[in-house]
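For reference, query.csv is printed below; it contains CSV, C-alpha atoms.
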chain,number,residue,atom,x,y,z
A,1,LEU,CA,30.1,18.3,-3.8
A,2,GLY,CA,31.6,16.6,-6.9
A,3,SER,CA,34.3,17.8,-9.2
A,4,MET,CA,34.9,21.6,-9.7
A,5,SER,CA,36.1,22.7,-13.1
A,6,SER,CA,38.4,25.5,-11.9
A,7,VAL,CA,39.4,27.5,-8.8
A,8,ILE,CA,41.6,30.6,-8.7
A,9,PHE,CA,44.9,29.8,-6.9
A,10,SER,CA,47.6,32.2,-5.8
A,11,SER,CA,50.2,30.0,-4.3
A,12,SER,CA,53.6,29.7,-6.0
A,13,ASP,CA,53.6,25.9,-5.4
A,14,ILE,CA,50.6,25.5,-7.7
A,15,LYS,CA,51.1,24.8,-11.4
A,16,GLU,CA,48.7,26.1,-14.1
A,17,GLY,CA,46.5,23.3,-15.6
A,18,GLU,CA,47.3,20.7,-12.9
A,19,THR,CA,44.4,18.9,-11.2
A,20,TYR,CA,44.4,19.1,-7.4
A,21,THR,CA,42.2,17.7,-4.6
A,22,VAL,CA,40.3,20.4,-2.8
A,23,LEU,CA,40.2,20.1,1.0
A,24,VAL,CA,37.8,21.8,3.4
A,25,ASP,CA,38.6,21.3,7.1
A,26,GLY,CA,40.8,18.4,6.1
A,27,ALA,CA,38.1,16.6,4.1
A,28,SER,CA,38.1,16.2,0.3
A,29,VAL,CA,35.2,18.0,-1.4
A,30,GLY,CA,36.3,17.2,-5.0
A,31,THR,CA,39.0,18.1,-7.5
A,32,ALA,CA,39.8,21.3,-9.4
A,33,THR,CA,42.0,22.4,-12.2
A,34,ALA,CA,44.4,25.2,-11.2
A,35,LYS,CA,43.9,28.6,-12.7
A,36,LEU,CA,46.5,31.0,-11.4
A,37,GLY,CA,45.6,34.6,-10.5
A,38,THR,CA,44.4,36.8,-7.7
A,39,SER,CA,40.7,37.0,-6.7
A,40,SER,CA,39.1,40.5,-6.5
A,41,SER,CA,38.3,39.9,-2.9
A,42,SER,CA,42.1,39.8,-2.0
A,43,SER,CA,42.4,43.5,-2.8
A,44,GLY,CA,40.2,44.5,0.0
A,45,SER,CA,38.0,46.8,-2.1
A,46,LEU,CA,34.3,46.3,-2.7
A,47,GLY,CA,32.5,46.9,-5.9
A,48,PRO,CA,28.7,47.6,-6.2
A,49,ASN,CA,26.7,45.4,-3.9
A,50,GLN,CA,29.7,43.2,-3.0
A,51,ASN,CA,29.2,44.0,0.6
A,52,GLY,CA,25.8,42.3,0.6
A,53,GLY,CA,23.8,45.5,0.5
A,54,GLN,CA,20.6,45.7,-1.5
A,55,PRO,CA,20.1,48.6,-4.0
A,56,GLY,CA,19.1,51.7,-2.2
A,57,SER,CA,19.9,50.2,1.2
A,58,GLY,CA,23.0,52.2,2.1
A,59,GLN,CA,25.7,49.9,0.6
A,60,GLN,CA,29.2,51.1,0.0
A,61,GLY,CA,29.9,52.7,-3.4
A,62,GLY,CA,26.6,54.6,-3.5
A,63,VAL,CA,26.0,57.0,-6.4
A,64,SER,CA,27.4,60.5,-5.8
A,65,GLY,CA,28.3,59.5,-2.2
A,66,PHE,CA,24.6,58.8,-1.3
A,67,GLN,CA,24.4,55.6,0.8
A,68,ASP,CA,20.7,55.2,-0.1
A,69,VAL,CA,21.3,55.1,-3.9
A,70,GLY,CA,22.9,51.9,-5.1
A,71,GLN,CA,24.9,51.7,-8.3
A,72,HIS,CA,22.3,49.4,-9.8
A,73,ASP,CA,19.1,51.1,-8.6
A,74,TRP,CA,16.8,52.0,-11.5
A,75,PHE,CA,17.1,55.7,-10.6
A,76,ALA,CA,20.9,55.7,-10.2
A,77,SER,CA,21.8,57.4,-13.4
A,78,ALA,CA,19.0,60.0,-12.9
A,79,VAL,CA,20.3,60.9,-9.4
A,80,ARG,CA,23.8,61.2,-10.8
A,81,TYR,CA,22.5,63.5,-13.5
A,82,VAL,CA,20.4,65.8,-11.3
A,83,THR,CA,23.0,66.2,-8.7
A,84,GLY,CA,25.8,66.6,-11.2
A,85,LYS,CA,23.9,69.4,-12.8
A,86,SER,CA,23.0,70.9,-9.4
A,87,LEU,CA,19.3,70.6,-10.1
A,88,MET,CA,18.6,68.6,-7.0
A,89,ASN,CA,20.5,68.1,-3.8
A,90,GLY,CA,20.6,65.3,-1.3
A,91,LYS,CA,18.7,65.6,2.0
A,92,SER,CA,22.2,65.3,3.6
A,93,THR,CA,25.6,64.7,2.3
A,94,THR,CA,25.0,60.9,2.5
A,95,ALA,CA,21.3,60.6,1.8
A,96,PHE,CA,19.3,61.5,-1.4
A,97,ALA,CA,16.0,60.1,0.1
A,98,PRO,CA,14.8,58.7,-3.3
A,99,ASN,CA,11.6,57.3,-1.9
A,100,GLU,CA,10.4,60.5,-0.2
A,101,ASN,CA,7.8,62.6,-1.9
A,102,MET,CA,8.8,65.7,-3.9
A,103,SER,CA,7.1,69.0,-2.9
A,104,ARG,CA,5.7,71.6,-5.2
A,105,ALA,CA,8.2,74.1,-4.0
A,106,MET,CA,11.1,71.7,-4.6
A,107,LEU,CA,10.0,71.2,-8.2
A,108,ALA,CA,9.6,74.9,-8.9
A,109,THR,CA,13.1,75.3,-7.5
A,110,VAL,CA,14.5,72.7,-9.8
A,111,LEU,CA,13.0,74.2,-12.9
A,112,TYR,CA,14.1,77.6,-11.8
A,113,ARG,CA,17.7,76.3,-11.6
A,114,MET,CA,17.3,74.9,-15.1
A,115,SER,CA,16.2,78.4,-16.3
A,116,GLY,CA,19.3,80.2,-15.0
A,117,GLU,CA,17.7,81.7,-11.8
A,118,THR,CA,16.9,85.2,-12.8
A,119,ALA,CA,13.8,86.2,-10.8
A,120,GLU,CA,13.2,88.4,-7.8
A,121,ALA,CA,12.3,86.8,-4.5
A,122,ASP,CA,8.7,87.9,-4.1
A,123,SER,CA,5.4,86.3,-4.8
A,124,SER,CA,1.7,87.0,-4.9
A,125,PHE,CA,0.9,83.8,-3.0
A,126,ARG,CA,0.0,84.4,0.6
A,127,ASP,CA,1.7,81.1,1.7
A,128,VAL,CA,5.0,81.9,0.1
A,129,SER,CA,7.2,84.1,2.3
A,130,SER,CA,9.7,86.3,0.6
A,131,SER,CA,12.3,84.8,2.9
A,132,ALA,CA,11.6,81.2,1.8
A,133,TYR,CA,14.4,79.5,-0.1
A,134,TYR,CA,11.9,78.8,-2.9
A,135,ALA,CA,10.3,82.3,-3.1
A,136,ALA,CA,12.2,83.4,-6.2
A,137,ALA,CA,11.6,80.1,-7.9
A,138,VAL,CA,7.8,80.2,-7.2
A,139,ASN,CA,7.7,83.8,-8.4
A,140,TRP,CA,9.5,83.0,-11.6
A,141,ALA,CA,7.4,79.9,-12.2
A,142,SER,CA,4.2,81.8,-11.6
A,143,SER,CA,5.2,84.7,-13.9
A,144,GLU,CA,6.1,82.3,-16.6
A,145,GLY,CA,2.8,80.4,-16.4
A,146,ILE,CA,4.6,77.2,-15.4
A,147,VAL,CA,2.7,76.9,-12.1
A,148,ASN,CA,-0.7,77.9,-10.9
A,149,GLY,CA,-2.0,78.3,-7.4
A,150,THR,CA,-4.1,75.7,-5.5
A,151,GLY,CA,-6.9,78.2,-4.8
A,152,ALA,CA,-7.6,81.2,-2.5
A,153,ASN,CA,-4.3,82.9,-3.5
A,154,ALA,CA,-2.3,79.9,-2.2
A,155,PHE,CA,0.5,77.9,-3.8
A,156,SER,CA,0.7,75.1,-1.2
A,157,PRO,CA,4.5,74.9,-1.4
A,158,ASN,CA,5.0,72.0,0.9
A,159,ALA,CA,2.3,69.8,-0.6
A,160,SER,CA,3.6,66.7,-2.3
A,161,ILE,CA,3.5,67.1,-6.1
A,162,THR,CA,1.4,64.6,-8.1
A,163,ARG,CA,2.6,62.8,-11.2
A,164,GLU,CA,0.1,64.9,-13.3
A,165,GLN,CA,1.2,68.2,-11.7
A,166,LEU,CA,4.8,67.3,-12.5
A,167,ALA,CA,3.9,66.5,-16.1
A,168,ALA,CA,2.0,69.8,-16.4
A,169,MET,CA,4.9,71.8,-15.1
A,170,LEU,CA,7.4,70.2,-17.5
A,171,TYR,CA,4.9,70.6,-20.4
A,172,ARG,CA,4.5,74.3,-19.7
A,173,TYR,CA,8.3,74.8,-19.2
A,174,ALA,CA,8.7,73.2,-22.7
A,175,GLY,CA,6.2,75.8,-24.2
A,176,GLU,CA,3.2,73.5,-24.4
A,177,PRO,CA,4.0,71.9,-27.7
A,178,SER,CA,1.4,70.2,-29.8
A,179,VAL,CA,1.0,66.6,-29.0
A,180,SER,CA,-1.1,63.5,-29.6
A,181,ALA,CA,-0.7,60.3,-27.8
A,182,ASP,CA,-2.6,57.0,-27.4
A,183,LEU,CA,-3.3,56.3,-23.8
A,184,SER,CA,-5.9,53.6,-24.4
A,185,ALA,CA,-3.7,51.0,-22.8
A,186,TYR,CA,-4.2,52.7,-19.4
A,187,THR,CA,-7.5,52.0,-17.5
A,188,ASP,CA,-7.2,55.0,-15.2
A,189,THR,CA,-7.1,57.9,-17.8
A,190,ASP,CA,-10.4,59.2,-16.3
A,191,ASP,CA,-8.3,60.1,-13.3
A,192,ILE,CA,-6.3,62.7,-15.3
A,193,SER,CA,-7.5,66.2,-14.5
A,194,PRO,CA,-8.6,68.2,-17.5
A,195,TYR,CA,-5.9,70.9,-17.0
A,196,ALA,CA,-3.2,68.1,-17.2
A,197,SER,CA,-4.6,66.1,-20.0
A,198,LYS,CA,-2.4,67.4,-22.8
A,199,ALA,CA,0.6,67.5,-20.5
A,200,VAL,CA,0.3,63.9,-19.6
A,201,GLU,CA,-0.2,62.9,-23.2
A,202,TRP,CA,3.0,64.8,-24.2
A,203,CYS,CA,5.0,63.3,-21.4
A,204,VAL,CA,3.9,59.8,-22.3
A,205,ALA,CA,4.5,60.4,-26.0
A,206,LYS,CA,8.0,61.7,-25.3
A,207,GLY,CA,8.9,58.9,-22.9
A,208,ILE,CA,9.1,61.2,-19.9
A,209,LEU,CA,6.3,59.6,-18.0
A,210,SER,CA,5.5,55.9,-18.0
A,211,GLY,CA,2.9,53.9,-16.3
A,212,LYS,CA,3.3,52.3,-12.9
A,213,SER,CA,2.1,49.1,-14.6
A,214,ALA,CA,1.1,48.2,-18.1
A,215,THR,CA,-2.4,49.5,-17.4
A,216,ARG,CA,-2.0,52.0,-14.6
A,217,LEU,CA,-0.7,55.5,-15.3
A,218,ALA,CA,-1.5,56.7,-11.7
A,219,PRO,CA,-1.8,60.5,-12.5
A,220,GLN,CA,-3.0,61.3,-9.0
A,221,ASP,CA,-0.2,59.4,-7.2
A,222,THR,CA,2.4,61.5,-5.5
A,223,ALA,CA,5.8,61.6,-7.2
A,224,THR,CA,8.9,60.5,-5.3
A,225,ARG,CA,12.3,62.2,-5.6
A,226,ALA,CA,13.6,59.3,-7.6
A,227,GLU,CA,10.7,59.6,-10.1
A,228,CYS,CA,11.2,63.3,-10.4
A,229,ALA,CA,14.9,62.8,-11.0
A,230,ALA,CA,14.2,60.2,-13.7
A,231,MET,CA,11.6,62.5,-15.4
A,232,LEU,CA,14.0,65.4,-15.3
A,233,GLN,CA,16.7,63.4,-16.9
A,234,ARG,CA,14.4,62.2,-19.7
A,235,PHE,CA,13.1,65.8,-20.2
A,236,ALA,CA,16.6,67.2,-20.5
A,237,ALA,CA,17.5,64.6,-23.1
A,238,LEU,CA,14.8,65.8,-25.5
Encoding of this model in structure tokens:
Amino acid sequence: LGSMSSVIFSSSDIKEGETYTVLVDGASVGTATAKLGTSSSSSGSLGPNQNGGQPGSGQQGGVSGFQDVGQHDWFASAVRYVTGKSLMNGKSTTAFAPNENMSRAMLATVLYRMSGETAEADSSFRDVSSSAYYAAAVNWASSEGIVNGTGANAFSPNASITREQLAAMLYRYAGEPSVSADLSAYTDTDDISPYASKAVEWCVAKGILSGKSATRLAPQDTATRAECAAMLQRFAAL
């Protein structure tokens, strides 16, 4: 293996700066200059990913106690933010489920929490029961013009929210500010629904929404819980 420049030693018989032969199973594998100290592994504690786990794979030291959110995952700070502000909860005490889709009801509930939760729990949508956990949130969002139905007096609360729907709800919550953005880099802008056009422009201009690639905005793709958390964090930072 050749000569090694330095190895951390902890024995009291070793002297700083002295060169020693390194043995593995009795055979020399080279020499090393002594550097006294204690390796981090001797403490028995594990930092992020030191246990061999991959980001989001349930390693120890997960964000906010969630085993499926690694400290170095791209959405780690967003999960920390939304859970710290009580805007989003985990699917359990140990799982945030970052890759699961976000439902329309869930997002209405998140925005309702941001608003201060001041609505009555009723709704004009036939598929939103007054006993549903999201009833007050949907009622509030509808009365404020933040959400619209999906047709035939229905809200479709359990339907997965799309990226453009998420953009539209954030845009309306912000008061539909005037905006102009250049989306010419994206080749799929024809996929943006007319109702969401200004909202998508605004979200891109403000850095809330970014493309899934340099040329694909993917407005009709469903938004994951991680994506929603990230967009909410960017929205709150405006």
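Going from atom CA of A:Ser184 to atom CA of A:Thr215 covers 8.8 Å.
Shortest separation to A:Ala95 among A:Glu201, A:Asp68, A:Glu227, A:Asp221 occurs at residue A:Asp68, atoms counted being only C-alpha atoms.
Close to (12.9, 76.4, -2.5), meaning no more than 8 Å away when counting only C-alpha atoms, sit the residues Ala105, Met106, Ala108, Thr109, Ala132, Tyr133, Tyr134, Ala135, Ala136, Ala137 and Val138 of chain A.
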Residue nearest A:Glu144 - candidates A:Lys198, A:Arg172, A:Lys212, A:Arg80, atoms counted: only C-alpha atoms: A:Arg172
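For the choices A:Ala167, A:Leu107, A:Ala196, A:Ala229, the atom-to-atom distance to A:Ala76 is smallest for A:Ala229 when using all atoms listed in the file.
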What does the distance from atom CA of A:Ala185 to atom CA of A:Ser210 come to in Å, to one decimal? 11.5 Å
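Of the residues under consideration (A:Phe125, A:Asn158, A:Met169, A:Tyr81), A:Met169 shows the shortest atom-to-atom contact distance to A:Ile146 when counting only C-alpha atoms.
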Work out how far atom CA of A:Gly62 is from atom CA of A:Phe75, in Å to one decimal. 11.9 Å
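Residue nearest A:Leu238, chosen from A:Trp202, A:Trp140, A:Phe66, A:Tyr112 and counting only C-alpha atoms: A:Trp202.
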Which protein, DNA or RNA residues have an atom at most 7 Å from (3.5, 73.4, -3.0), counting only C-alpha atoms? List them as a compact mmCIF listing (two decimals) with C-alpha atoms, keeping the file's coordinate frame.
# COMPACT_ATOMS: atom_id res chain seq x y z
CA SER A 103 7.10 69.00 -2.90
CA ARG A 104 5.70 71.60 -5.20
CA ALA A 105 8.20 74.10 -4.00
CA PHE A 155 0.50 77.90 -3.80
CA SER A 156 0.70 75.10 -1.20
CA PRO A 157 4.50 74.90 -1.40
CA ASN A 158 5.00 72.00 0.90
CA ALA A 159 2.30 69.80 -0.60
CA SER A 160 3.60 66.70 -2.30
